[in-house]
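Chemist: Just one file: protein.pdb, with PDB, C-alpha atoms and all ligand atoms.
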ATOM      1  CA  GLN A 276      19.232 -13.282  17.201  1.00  0.00           C
ATOM      2  CA  GLU A 277      17.288 -11.390  19.808  1.00  0.00           C
ATOM      3  CA  GLU A 278      17.518  -8.083  17.874  1.00  0.00           C
ATOM      4  CA  LYS A 279      16.873  -9.732  14.471  1.00  0.00           C
ATOM      5  CA  PRO A 280      13.625 -11.611  15.089  1.00  0.00           C
ATOM      6  CA  LEU A 281      12.765 -11.494  11.374  1.00  0.00           C
ATOM      7  CA  ALA A 282      16.057 -13.008  10.150  1.00  0.00           C
ATOM      8  CA  GLY A 283      15.290 -15.555   7.430  1.00  0.00           C
ATOM      9  CA  ARG A 284      11.790 -14.107   6.855  1.00  0.00           C
ATOM     10  CA  LYS A 285      10.652 -12.606   3.565  1.00  0.00           C
ATOM     11  CA  ALA A 286       8.464  -9.514   3.426  1.00  0.00           C
ATOM     12  CA  ILE A 287       6.800  -7.681   0.544  1.00  0.00           C
ATOM     13  CA  VAL A 288       5.710  -4.072   1.045  1.00  0.00           C
ATOM     14  CA  THR A 289       3.896  -1.830  -1.438  1.00  0.00           C
ATOM     15  CA  SER A 290       4.194   1.929  -1.142  1.00  0.00           C
ATOM     16  CA  GLY A 291       3.353   5.190  -2.851  1.00  0.00           C
ATOM     17  CA  PRO A 292       0.713   6.028  -5.422  1.00  0.00           C
ATOM     18  CA  THR A 293       0.209   4.507  -8.829  1.00  0.00           C
ATOM     19  CA  HIS A 294       0.165   6.597 -11.990  1.00  0.00           C
ATOM     20  CA  GLU A 295      -2.392   5.538 -14.564  1.00  0.00           C
ATOM     21  CA  PRO A 296      -1.650   6.988 -17.994  1.00  0.00           C
ATOM     22  CA  ILE A 297      -4.186   8.990 -19.982  1.00  0.00           C
ATOM     23  CA  ASP A 298      -1.686   9.452 -22.797  1.00  0.00           C
ATOM     24  CA  PRO A 299       2.149   9.532 -22.857  1.00  0.00           C
ATOM     25  CA  VAL A 300       2.287  12.842 -20.965  1.00  0.00           C
ATOM     26  CA  ARG A 301      -0.755  12.791 -18.659  1.00  0.00           C
ATOM     27  CA  TYR A 302      -1.846  10.519 -15.849  1.00  0.00           C
ATOM     28  CA  ILE A 303      -4.339   9.964 -13.022  1.00  0.00           C
ATOM     29  CA  ALA A 304      -2.794   9.704  -9.552  1.00  0.00           C
ATOM     30  CA  ASN A 305      -3.456  10.320  -5.870  1.00  0.00           C
ATOM     31  CA  ARG A 306      -1.815  12.094  -2.933  1.00  0.00           C
ATOM     32  CA  SER A 307       0.216   9.251  -1.419  1.00  0.00           C
ATOM     33  CA  SER A 308       3.801  10.274  -0.523  1.00  0.00           C
ATOM     34  CA  GLY A 309       5.179   6.792   0.186  1.00  0.00           C
ATOM     35  CA  LYS A 310       6.413   7.896   3.630  1.00  0.00           C
ATOM     36  CA  GLN A 311       4.496   5.290   5.632  1.00  0.00           C
ATOM     37  CA  GLY A 312       5.175   2.372   3.275  1.00  0.00           C
ATOM     38  CA  HIS A 313       8.876   3.150   3.001  1.00  0.00           C
ATOM     39  CA  ALA A 314       9.120   3.470   6.794  1.00  0.00           C
ATOM     40  CA  ILE A 315       7.529   0.035   7.208  1.00  0.00           C
ATOM     41  CA  ALA A 316       9.910  -1.553   4.697  1.00  0.00           C
ATOM     42  CA  ALA A 317      12.864  -0.010   6.575  1.00  0.00           C
ATOM     43  CA  ALA A 318      11.570  -1.161   9.974  1.00  0.00           C
ATOM     44  CA  LEU A 319      11.119  -4.756   8.757  1.00  0.00           C
ATOM     45  CA  ALA A 320      14.647  -4.734   7.321  1.00  0.00           C
ATOM     46  CA  ARG A 321      16.053  -3.477  10.637  1.00  0.00           C
ATOM     47  CA  LEU A 322      14.508  -6.530  12.307  1.00  0.00           C
ATOM     48  CA  GLY A 323      16.374  -8.749   9.837  1.00  0.00           C
ATOM     49  CA  ALA A 324      13.702  -9.438   7.190  1.00  0.00           C
ATOM     50  CA  GLU A 325      14.580  -9.757   3.518  1.00  0.00           C
ATOM     51  CA  VAL A 326      12.341  -7.020   2.136  1.00  0.00           C
ATOM     52  CA  THR A 327      11.089  -6.364  -1.396  1.00  0.00           C
ATOM     53  CA  LEU A 328       9.572  -2.897  -1.606  1.00  0.00           C
ATOM     54  CA  VAL A 329       7.339  -2.424  -4.642  1.00  0.00           C
ATOM     55  CA  SER A 330       6.995   1.315  -4.991  1.00  0.00           C
ATOM     56  CA  GLY A 331       5.004   3.619  -7.221  1.00  0.00           C
ATOM     57  CA  PRO A 332       6.483   7.007  -8.190  1.00  0.00           C
ATOM     58  CA  VAL A 333       7.680   8.777  -5.017  1.00  0.00           C
ATOM     59  CA  THR A 334      10.330  11.315  -4.066  1.00  0.00           C
ATOM     60  CA  VAL A 335      11.213   9.767  -0.690  1.00  0.00           C
ATOM     61  CA  PRO A 336      14.625   8.020  -0.745  1.00  0.00           C
ATOM     62  CA  ASP A 337      14.994   4.240  -1.012  1.00  0.00           C
ATOM     63  CA  PRO A 338      15.147   2.694   2.473  1.00  0.00           C
ATOM     64  CA  VAL A 339      18.466   1.158   3.538  1.00  0.00           C
ATOM     65  CA  GLY A 340      18.853  -2.602   3.186  1.00  0.00           C
ATOM     66  CA  VAL A 341      15.735  -3.146   1.074  1.00  0.00           C
ATOM     67  CA  SER A 342      15.432  -4.208  -2.559  1.00  0.00           C
ATOM     68  CA  VAL A 343      13.251  -1.740  -4.382  1.00  0.00           C
ATOM     69  CA  VAL A 344      11.175  -2.520  -7.475  1.00  0.00           C
ATOM     70  CA  ARG A 345       9.855   0.635  -9.117  1.00  0.00           C
ATOM     71  CA  VAL A 346       6.548   0.583 -10.952  1.00  0.00           C
ATOM     72  CA  GLU A 347       4.093   3.122 -12.304  1.00  0.00           C
ATOM     73  CA  ARG A 348       0.756   1.445 -12.949  1.00  0.00           C
ATOM     74  CA  ALA A 349      -1.418  -0.783 -10.734  1.00  0.00           C
ATOM     75  CA  GLU A 350      -1.087  -3.707 -13.130  1.00  0.00           C
ATOM     76  CA  GLU A 351       2.707  -3.408 -12.954  1.00  0.00           C
ATOM     77  CA  MET A 352       2.498  -3.263  -9.165  1.00  0.00           C
ATOM     78  CA  ARG A 353       0.402  -6.436  -9.064  1.00  0.00           C
ATOM     79  CA  ASP A 354       2.822  -8.252 -11.370  1.00  0.00           C
ATOM     80  CA  ALA A 355       5.817  -7.204  -9.261  1.00  0.00           C
ATOM     81  CA  VAL A 356       4.116  -8.323  -6.030  1.00  0.00           C
ATOM     82  CA  LEU A 357       3.177 -11.712  -7.498  1.00  0.00           C
ATOM     83  CA  ALA A 358       6.732 -12.126  -8.836  1.00  0.00           C
ATOM     84  CA  ALA A 359       8.097 -11.531  -5.313  1.00  0.00           C
ATOM     85  CA  LEU A 360       6.060 -14.403  -3.788  1.00  0.00           C
ATOM     86  CA  PRO A 361       6.447 -16.547  -1.740  1.00  0.00           C
ATOM     87  CA  ALA A 362       6.756 -14.426   1.388  1.00  0.00           C
ATOM     88  CA  ASP A 363       6.001 -14.696   5.100  1.00  0.00           C
ATOM     89  CA  VAL A 364       4.280 -11.333   5.269  1.00  0.00           C
ATOM     90  CA  VAL A 365       2.908  -8.705   2.879  1.00  0.00           C
ATOM     91  CA  VAL A 366       2.050  -5.172   3.900  1.00  0.00           C
ATOM     92  CA  MET A 367       0.111  -3.296   1.246  1.00  0.00           C
ATOM     93  CA  VAL A 368       0.529   0.382   1.958  1.00  0.00           C
ATOM     94  CA  ALA A 369       0.354   1.693  -1.603  1.00  0.00           C
ATOM     95  CA  ALA A 370      -2.558   3.914  -2.525  1.00  0.00           C
ATOM     96  CA  VAL A 371      -3.397   2.041  -5.691  1.00  0.00           C
ATOM     97  CA  ALA A 372      -5.579   3.975  -8.116  1.00  0.00           C
ATOM     98  CA  ASP A 373      -8.983   2.312  -8.155  1.00  0.00           C
ATOM     99  CA  TRP A 374      -9.457   3.027 -11.846  1.00  0.00           C
ATOM    100  CA  ARG A 375      -7.348   3.379 -14.943  1.00  0.00           C
ATOM    101  CA  VAL A 376      -8.162   4.828 -18.349  1.00  0.00           C
ATOM    102  CA  ALA A 377      -9.649   1.970 -20.361  1.00  0.00           C
ATOM    103  CA  ALA A 378      -7.686   2.730 -23.506  1.00  0.00           C
ATOM    104  CA  ALA A 379      -4.791   5.100 -22.846  1.00  0.00           C
ATOM    105  CA  ALA A 380      -3.861   7.011 -26.011  1.00  0.00           C
ATOM    106  CA  GLY A 381      -0.574   6.065 -27.658  1.00  0.00           C
ATOM    107  CA  ASN A 382       0.075   9.666 -28.651  1.00  0.00           C
ATOM    108  CA  LYS A 383      -0.510  12.938 -26.844  1.00  0.00           C
ATOM    109  CA  ILE A 384      -4.166  13.927 -27.076  1.00  0.00           C
ATOM    110  CA  LYS A 385      -4.222  17.296 -28.856  1.00  0.00           C
ATOM    111  CA  LYS A 386      -6.339  20.169 -27.690  1.00  0.00           C
ATOM    112  CA  ARG A 387      -8.153  21.636 -30.677  1.00  0.00           C
ATOM    113  CA  SER A 388     -10.053  24.877 -30.350  1.00  0.00           C
ATOM    114  CA  GLY A 389     -13.782  24.484 -30.657  1.00  0.00           C
ATOM    115  CA  GLU A 390     -13.691  20.754 -29.848  1.00  0.00           C
ATOM    116  CA  ALA A 391     -15.229  19.281 -26.706  1.00  0.00           C
ATOM    117  CA  PRO A 392     -12.805  17.876 -24.078  1.00  0.00           C
ATOM    118  CA  PRO A 393     -12.081  14.174 -24.586  1.00  0.00           C
ATOM    119  CA  PRO A 394     -14.223  11.841 -22.467  1.00  0.00           C
ATOM    120  CA  LEU A 395     -12.221   9.570 -20.136  1.00  0.00           C
ATOM    121  CA  LEU A 396     -13.636   6.072 -19.962  1.00  0.00           C
ATOM    122  CA  LEU A 397     -12.365   4.365 -16.790  1.00  0.00           C
ATOM    123  CA  THR A 398     -12.055   0.686 -15.968  1.00  0.00           C
ATOM    124  CA  GLU A 399     -11.351  -0.988 -12.630  1.00  0.00           C
ATOM    125  CA  ASN A 400      -7.794  -1.793 -11.579  1.00  0.00           C
ATOM    126  CA  PRO A 401      -6.869  -5.150 -10.045  1.00  0.00           C
ATOM    127  CA  ASP A 402      -7.134  -5.197  -6.246  1.00  0.00           C
ATOM    128  CA  ILE A 403      -3.669  -6.383  -5.250  1.00  0.00           C
ATOM    129  CA  LEU A 404      -4.434  -6.881  -1.549  1.00  0.00           C
ATOM    130  CA  LYS A 405      -7.551  -8.927  -2.320  1.00  0.00           C
ATOM    131  CA  THR A 406      -5.627 -11.017  -4.851  1.00  0.00           C
ATOM    132  CA  ILE A 407      -2.913 -11.821  -2.285  1.00  0.00           C
ATOM    133  CA  GLY A 408      -5.421 -12.361   0.534  1.00  0.00           C
ATOM    134  CA  HIS A 409      -7.056 -15.146  -1.493  1.00  0.00           C
ATOM    135  CA  HIS A 410      -3.953 -16.452  -3.280  1.00  0.00           C
ATOM    136  CA  ALA A 411      -2.825 -20.101  -3.297  1.00  0.00           C
ATOM    137  CA  SER A 412       0.574 -18.890  -2.003  1.00  0.00           C
ATOM    138  CA  ARG A 413      -0.981 -16.539   0.546  1.00  0.00           C
ATOM    139  CA  PRO A 414       1.670 -15.327   2.982  1.00  0.00           C
ATOM    140  CA  LYS A 415       1.065 -16.223   6.622  1.00  0.00           C
ATOM    141  CA  LEU A 416       0.357 -12.581   7.406  1.00  0.00           C
ATOM    142  CA  VAL A 417      -1.526 -10.265   5.049  1.00  0.00           C
ATOM    143  CA  ILE A 418      -1.811  -6.665   6.177  1.00  0.00           C
ATOM    144  CA  GLY A 419      -3.518  -3.743   4.471  1.00  0.00           C
ATOM    145  CA  PHE A 420      -4.206  -0.098   5.081  1.00  0.00           C
ATOM    146  CA  ALA A 421      -7.494   1.716   4.784  1.00  0.00           C
ATOM    147  CA  ALA A 422      -7.429   5.422   4.149  1.00  0.00           C
ATOM    148  CA  GLU A 423     -10.874   6.720   4.978  1.00  0.00           C
ATOM    149  CA  THR A 424     -12.495  10.074   5.526  1.00  0.00           C
ATOM    150  CA  GLU A 425     -15.561   8.731   7.370  1.00  0.00           C
ATOM    151  CA  ASN A 426     -16.726   5.639   9.328  1.00  0.00           C
ATOM    152  CA  VAL A 427     -13.065   4.658   9.712  1.00  0.00           C
ATOM    153  CA  ALA A 428     -13.570   1.602  11.963  1.00  0.00           C
ATOM    154  CA  ASP A 429     -16.599   0.162  10.147  1.00  0.00           C
ATOM    155  CA  ASN A 430     -15.085   0.581   6.713  1.00  0.00           C
ATOM    156  CA  GLY A 431     -11.819  -0.923   7.946  1.00  0.00           C
ATOM    157  CA  ARG A 432     -13.522  -3.997   9.363  1.00  0.00           C
ATOM    158  CA  ALA A 433     -15.502  -4.555   6.150  1.00  0.00           C
ATOM    159  CA  LYS A 434     -12.243  -4.273   4.227  1.00  0.00           C
ATOM    160  CA  LEU A 435     -10.570  -6.890   6.446  1.00  0.00           C
ATOM    161  CA  GLU A 436     -13.266  -9.403   5.518  1.00  0.00           C
ATOM    162  CA  ARG A 437     -13.554  -8.520   1.852  1.00  0.00           C
ATOM    163  CA  LYS A 438      -9.838  -8.620   1.192  1.00  0.00           C
ATOM    164  CA  GLY A 439      -8.988 -11.680   3.262  1.00  0.00           C
ATOM    165  CA  ALA A 440      -6.491  -9.737   5.393  1.00  0.00           C
ATOM    166  CA  ASP A 441      -5.299 -10.522   8.922  1.00  0.00           C
ATOM    167  CA  TYR A 442      -4.996  -6.874   9.895  1.00  0.00           C
ATOM    168  CA  ILE A 443      -6.080  -3.544   8.498  1.00  0.00           C
ATOM    169  CA  LEU A 444      -4.501  -0.326   9.730  1.00  0.00           C
ATOM    170  CA  ALA A 445      -7.225   2.231   9.252  1.00  0.00           C
ATOM    171  CA  ASN A 446      -6.524   5.923   9.261  1.00  0.00           C
ATOM    172  CA  ASP A 447      -8.551   9.043   8.860  1.00  0.00           C
ATOM    173  CA  VAL A 448      -7.116  10.991   5.948  1.00  0.00           C
ATOM    174  CA  SER A 449      -9.546  13.908   6.033  1.00  0.00           C
ATOM    175  CA  PRO A 450      -7.615  17.000   4.887  1.00  0.00           C
ATOM    176  CA  SER A 451      -7.916  18.532   8.386  1.00  0.00           C
ATOM    177  CA  THR A 452      -5.784  15.698   9.858  1.00  0.00           C
ATOM    178  CA  GLY A 453      -2.704  16.562   7.786  1.00  0.00           C
ATOM    179  CA  ILE A 454      -1.873  12.843   7.544  1.00  0.00           C
ATOM    180  CA  MET A 455      -1.633  12.737   3.746  1.00  0.00           C
ATOM    181  CA  GLY A 456       1.949  13.745   2.998  1.00  0.00           C
ATOM    182  CA  GLY A 457       2.601  14.589   6.656  1.00  0.00           C
ATOM    183  CA  GLU A 458       5.057  13.082   9.149  1.00  0.00           C
ATOM    184  CA  ARG A 459       2.546  11.806  11.677  1.00  0.00           C
ATOM    185  CA  ASN A 460      -0.175   9.207  11.646  1.00  0.00           C
ATOM    186  CA  SER A 461      -3.034   8.103  13.837  1.00  0.00           C
ATOM    187  CA  VAL A 462      -4.277   4.592  13.141  1.00  0.00           C
ATOM    188  CA  LYS A 463      -6.646   1.940  14.361  1.00  0.00           C
ATOM    189  CA  LEU A 464      -5.342  -1.608  14.178  1.00  0.00           C
ATOM    190  CA  ILE A 465      -8.242  -3.805  13.134  1.00  0.00           C
ATOM    191  CA  GLY A 466      -7.643  -7.525  13.608  1.00  0.00           C
ATOM    192  CA  ARG A 467      -9.688 -10.705  13.560  1.00  0.00           C
ATOM    193  CA  ASP A 468     -10.176 -10.520  17.308  1.00  0.00           C
ATOM    194  CA  GLY A 469     -10.550  -6.843  17.955  1.00  0.00           C
ATOM    195  CA  THR A 470      -9.502  -3.275  17.375  1.00  0.00           C
ATOM    196  CA  GLU A 471      -6.718  -1.266  18.999  1.00  0.00           C
ATOM    197  CA  ASP A 472      -6.497   2.506  18.864  1.00  0.00           C
ATOM    198  CA  TRP A 473      -2.904   3.592  18.433  1.00  0.00           C
ATOM    199  CA  GLN A 474      -2.220   7.061  19.781  1.00  0.00           C
ATOM    200  CA  GLU A 475      -0.999   9.645  17.296  1.00  0.00           C
ATOM    201  CA  MET A 476       2.677   9.023  16.564  1.00  0.00           C
ATOM    202  CA  SER A 477       5.199   9.534  13.786  1.00  0.00           C
ATOM    203  CA  LYS A 478       5.026   7.352  10.670  1.00  0.00           C
ATOM    204  CA  ASP A 479       8.385   5.863  11.759  1.00  0.00           C
ATOM    205  CA  GLU A 480       6.881   4.921  15.116  1.00  0.00           C
ATOM    206  CA  VAL A 481       3.848   3.332  13.411  1.00  0.00           C
ATOM    207  CA  ALA A 482       6.319   1.351  11.300  1.00  0.00           C
ATOM    208  CA  GLU A 483       8.311   0.202  14.374  1.00  0.00           C
ATOM    209  CA  LYS A 484       5.171  -0.850  16.198  1.00  0.00           C
ATOM    210  CA  LEU A 485       3.831  -2.745  13.195  1.00  0.00           C
ATOM    211  CA  ALA A 486       7.181  -4.466  12.562  1.00  0.00           C
ATOM    212  CA  ALA A 487       7.263  -5.589  16.224  1.00  0.00           C
ATOM    213  CA  LEU A 488       3.728  -6.977  15.900  1.00  0.00           C
ATOM    214  CA  ILE A 489       4.706  -8.843  12.728  1.00  0.00           C
ATOM    215  CA  ALA A 490       7.772 -10.323  14.451  1.00  0.00           C
ATOM    216  CA  ALA A 491       5.643 -11.460  17.395  1.00  0.00           C
ATOM    217  CA  ARG A 492       2.988 -12.994  15.137  1.00  0.00           C
ATOM    218  CA  LEU A 493       5.488 -14.807  12.936  1.00  0.00           C
ATOM    219  CA  SER A 494       7.349 -16.310  15.874  1.00  0.00           C
ATOM    220  CA  ALA A 495       4.200 -17.375  17.738  1.00  0.00           C
TER     221      ALA A 495
HETATM  222  O1  LIG B 501     -10.197  -0.590  -1.034  1.00  0.00           O
HETATM  223  P1  LIG B 501      -9.105   0.316  -0.587  1.00  0.00           P
HETATM  224  O2  LIG B 501      -8.335   0.921  -1.693  1.00  0.00           O
HETATM  225  O3  LIG B 501      -9.533   1.362   0.417  1.00  0.00           O
HETATM  226  O4  LIG B 501      -8.139  -0.657   0.227  1.00  0.00           O
HETATM  227  C1  LIG B 501      -6.942  -0.207   0.731  1.00  0.00           C
HETATM  228  C2  LIG B 501      -5.985  -1.334   0.885  1.00  0.00           C
HETATM  229  O5  LIG B 501      -6.000  -2.192  -0.256  1.00  0.00           O
HETATM  230  C3  LIG B 501      -4.559  -0.859   0.977  1.00  0.00           C
HETATM  231  O6  LIG B 501      -3.843  -1.801   1.742  1.00  0.00           O
HETATM  232  C4  LIG B 501      -4.115  -0.869  -0.474  1.00  0.00           C
HETATM  233  O7  LIG B 501      -2.722  -0.968  -0.595  1.00  0.00           O
HETATM  234  C5  LIG B 501      -4.815  -2.088  -1.010  1.00  0.00           C
HETATM  235  N1  LIG B 501      -5.203  -1.999  -2.420  1.00  0.00           N
HETATM  236  C6  LIG B 501      -4.588  -2.812  -3.357  1.00  0.00           C
HETATM  237  N2  LIG B 501      -4.987  -2.760  -4.672  1.00  0.00           N
HETATM  238  C7  LIG B 501      -5.997  -1.938  -5.051  1.00  0.00           C
HETATM  239  C8  LIG B 501      -6.619  -1.110  -4.108  1.00  0.00           C
HETATM  240  C9  LIG B 501      -6.199  -1.153  -2.802  1.00  0.00           C
HETATM  241  O8  LIG B 501      -3.676  -3.560  -3.006  1.00  0.00           O
HETATM  242  N3  LIG B 501      -6.363  -1.913  -6.328  1.00  0.00           N
END
Starting from the file, lay out its structure as structure tokens.

Modeler:
Amino acid sequence: QEEKPLAGRKAIVTSGPTHEPIDPVRYIANRSSGKQGHAIAAALARLGAEVTLVSGPVTVPDPVGVSVVRVERAEEMRDAVLAALPADVVVMVAAVADWRVAAAAGNKIKKRSGEAPPPLLLTENPDILKTIGHHASRPKLVIGFAAETENVADNGRAKLERKGADYILANDVSPSTGIMGGERNSVKLIGRDGTEDWQEMSKDEVAEKLAALIAARLSA
């Protein structure tokens, strides 16, 4: 029991990017690799949790001992997360596209010489973390990430409040850091009662440390 402190606990993790279709062959996406989210799902499973990983399109392999639900769009990701409730903890690591094309074309948009490029009208995607943070079946622990390129701590704290989360792991994803798509991460843990700077470590180590924190919080 000592090594499986999350036995009997349910966890939901989101990971990867979302792809928002423009037409059947084109989409809007972002640079998330899924490495950090998948590592967190694996770490929670190693501690005995029953984990549902809701993943956007990624090339990283499925973690061992986790049930994986594959989605493409933000709305599909939200539906899959809600379908996986109730849970003891959710960790939203996915880089959900903030916007989608308001009316994706049913057929490939043709390029015709002499015609102007098609305008893309965008509409806002659902905020999955905010939905869960304020949900009637809110898990005991709601954890989000904040990828920022400036004012990392301030933006992270504002996000904690706005989204109704217990913790936000904020990281600086400026291109110079190499974090996006890389193996290492450097995060600040922002909680209700303070902020901790975690030294730079591998994404697997961030996952281990977060899983240990979740186990401690759920058994307290
Ligand atoms: O607002 P921002 O996208 O920076 O917030 C990041 C956090 O919110 C991440 O935990 C991300 O998974 C989550 N999120 C979400 N649904 C969105 C946008 C972000 O769950 N539509």

Chemist: Can you pull out the residues contacting region 453-469 of chain A? Cut-off 8 Å, using all atoms listed in the file, and skip same-chain residues under 3 positions away; I want them as a list in words.

Modeler: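 The filter keeps Arg306, Ser307, Ser308, Lys310, Ala428, Gly431, Arg432, Leu435, Asp441, Tyr442, Ile443, Leu444, Ala445, Asn446, Asp447, Val448, Ser449, Pro450, Asp472, Trp473, Gln474, Glu475, Met476, Ser477, Lys478 and Val481 of chain A.
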
Chemist: Under the rule of at most 12 Å, produce a per-residue listing of region 372-418 of chain A near region 277-287 of chain A: chain, number, name, the closest pair of atoms, and the distance in Å, as a Markdown table, using all atoms listed in the file.

Modeler:
| residue | atom | partner | partner_atom | distance |
| --- | --- | --- | --- | --- |
| A:Leu404 | CA | A:Ile287 | CA | 11.5 |
| A:Ile407 | CA | A:Ile287 | CA | 10.9 |
| A:Arg413 | CA | A:Ile287 | CA | 11.8 |
| A:Pro414 | CA | A:Ala286 | CA | 9.0 |
| A:Lys415 | CA | A:Ala286 | CA | 10.5 |
| A:Leu416 | CA | A:Ala286 | CA | 9.5 |
| A:Val417 | CA | A:Ile287 | CA | 9.8 |
| A:Ile418 | CA | A:Ile287 | CA | 10.3 |

Chemist: With all atoms listed in the file as the atoms that count, which of A:Leu493, A:Val288, A:Ala377, A:Val339 lies nearest to Gln311 (chain A)?

Modeler: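 Nearest to Gln311 (chain A): A:Val288.
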
Chemist: When the cut-off is 9 Å and you count all atoms listed in the file, which residues lie near ligand LIG 501 (chain B), shown as a PyMOL selection string?

Modeler: chain A and resi 289-291+349-350+352-353+366-374+399-407+418-423+430-431+434+438+443-445

Chemist: If the PyMOL selection byres (((chain A and resi 332-336) around 8) and not hetatm) is run on the structure shown, which residues does it catch, given as a list in words?

Modeler: Gly291, Pro292, Thr293, His294, Ser308, Gly309, Lys310, His313, Ser330, Gly331, Asp337, Pro338, Arg345, Val346 and Glu347 of chain A

Chemist: Between A:Ala482, A:Ala433, A:Leu395, A:Ala378, which has the minimum distance to Ala316 (chain A) (counting only C-alpha atoms)?

Modeler: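 Result for the nearest residue to Ala316 (chain A): A:Ala482.
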
Chemist: In the coordinate frame of the file, compute which residues have an atom within 12 Å of (-1.6, 3.6, -29.2) when using only C-alpha atoms, and state them as a list in words.

Modeler: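 Protein and nucleic acid residues near the point are Pro296, Ile297, Asp298, Pro299, Ala378, Ala379, Ala380, Gly381, Asn382, Lys383 and Ile384 of chain A.
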
Chemist: Could you pull region 365-395 of chain A out of the structure I just pasted and write it to a file containing C-alpha atoms, as an mmCIF file, in the first residue's frame?

Modeler:
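Below is the file result-v2.cif, written as the result:
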data_model
loop_
_atom_site.group_PDB
_atom_site.id
_atom_site.type_symbol
_atom_site.label_atom_id
_atom_site.label_comp_id
_atom_site.auth_asym_id
_atom_site.auth_seq_id
_atom_site.Cartn_x
_atom_site.Cartn_y
_atom_site.Cartn_z
ATOM 1 C CA VAL A 365 -7.760 16.301 -12.908
ATOM 2 C CA VAL A 366 -4.545 17.603 -14.401
ATOM 3 C CA MET A 367 -5.096 19.669 -17.524
ATOM 4 C CA VAL A 368 -1.834 19.713 -19.414
ATOM 5 C CA ALA A 369 -3.208 19.932 -22.950
ATOM 6 C CA ALA A 370 -2.472 23.057 -24.939
ATOM 7 C CA VAL A 371 -6.039 23.569 -26.057
ATOM 8 C CA ALA A 372 -6.423 25.889 -29.032
ATOM 9 C CA ASP A 373 -8.066 29.068 -27.788
ATOM 10 C CA TRP A 374 -10.002 29.509 -31.016
ATOM 11 C CA ARG A 375 -11.537 27.362 -33.697
ATOM 12 C CA VAL A 376 -12.776 28.237 -37.171
ATOM 13 C CA ALA A 377 -16.394 29.311 -36.740
ATOM 14 C CA ALA A 378 -17.670 27.355 -39.718
ATOM 15 C CA ALA A 379 -15.150 24.784 -40.927
ATOM 16 C CA ALA A 380 -15.693 23.991 -44.616
ATOM 17 C CA GLY A 381 -17.118 20.565 -45.420
ATOM 18 C CA ASN A 382 -15.007 20.318 -48.560
ATOM 19 C CA LYS A 383 -11.442 21.343 -49.303
ATOM 20 C CA ILE A 384 -11.257 25.081 -49.925
ATOM 21 C CA LYS A 385 -9.912 25.482 -53.468
ATOM 22 C CA LYS A 386 -7.233 27.961 -54.350
ATOM 23 C CA ARG A 387 -8.294 29.843 -57.465
ATOM 24 C CA SER A 388 -5.866 32.124 -59.232
ATOM 25 C CA GLY A 389 -6.771 35.768 -59.004
ATOM 26 C CA GLU A 390 -9.019 35.259 -55.959
ATOM 27 C CA ALA A 391 -8.228 36.708 -52.541
ATOM 28 C CA PRO A 392 -7.290 34.217 -49.772
ATOM 29 C CA PRO A 393 -10.310 33.043 -47.775
ATOM 30 C CA PRO A 394 -10.900 34.957 -44.533
ATOM 31 C CA LEU A 395 -10.849 32.773 -41.398
#
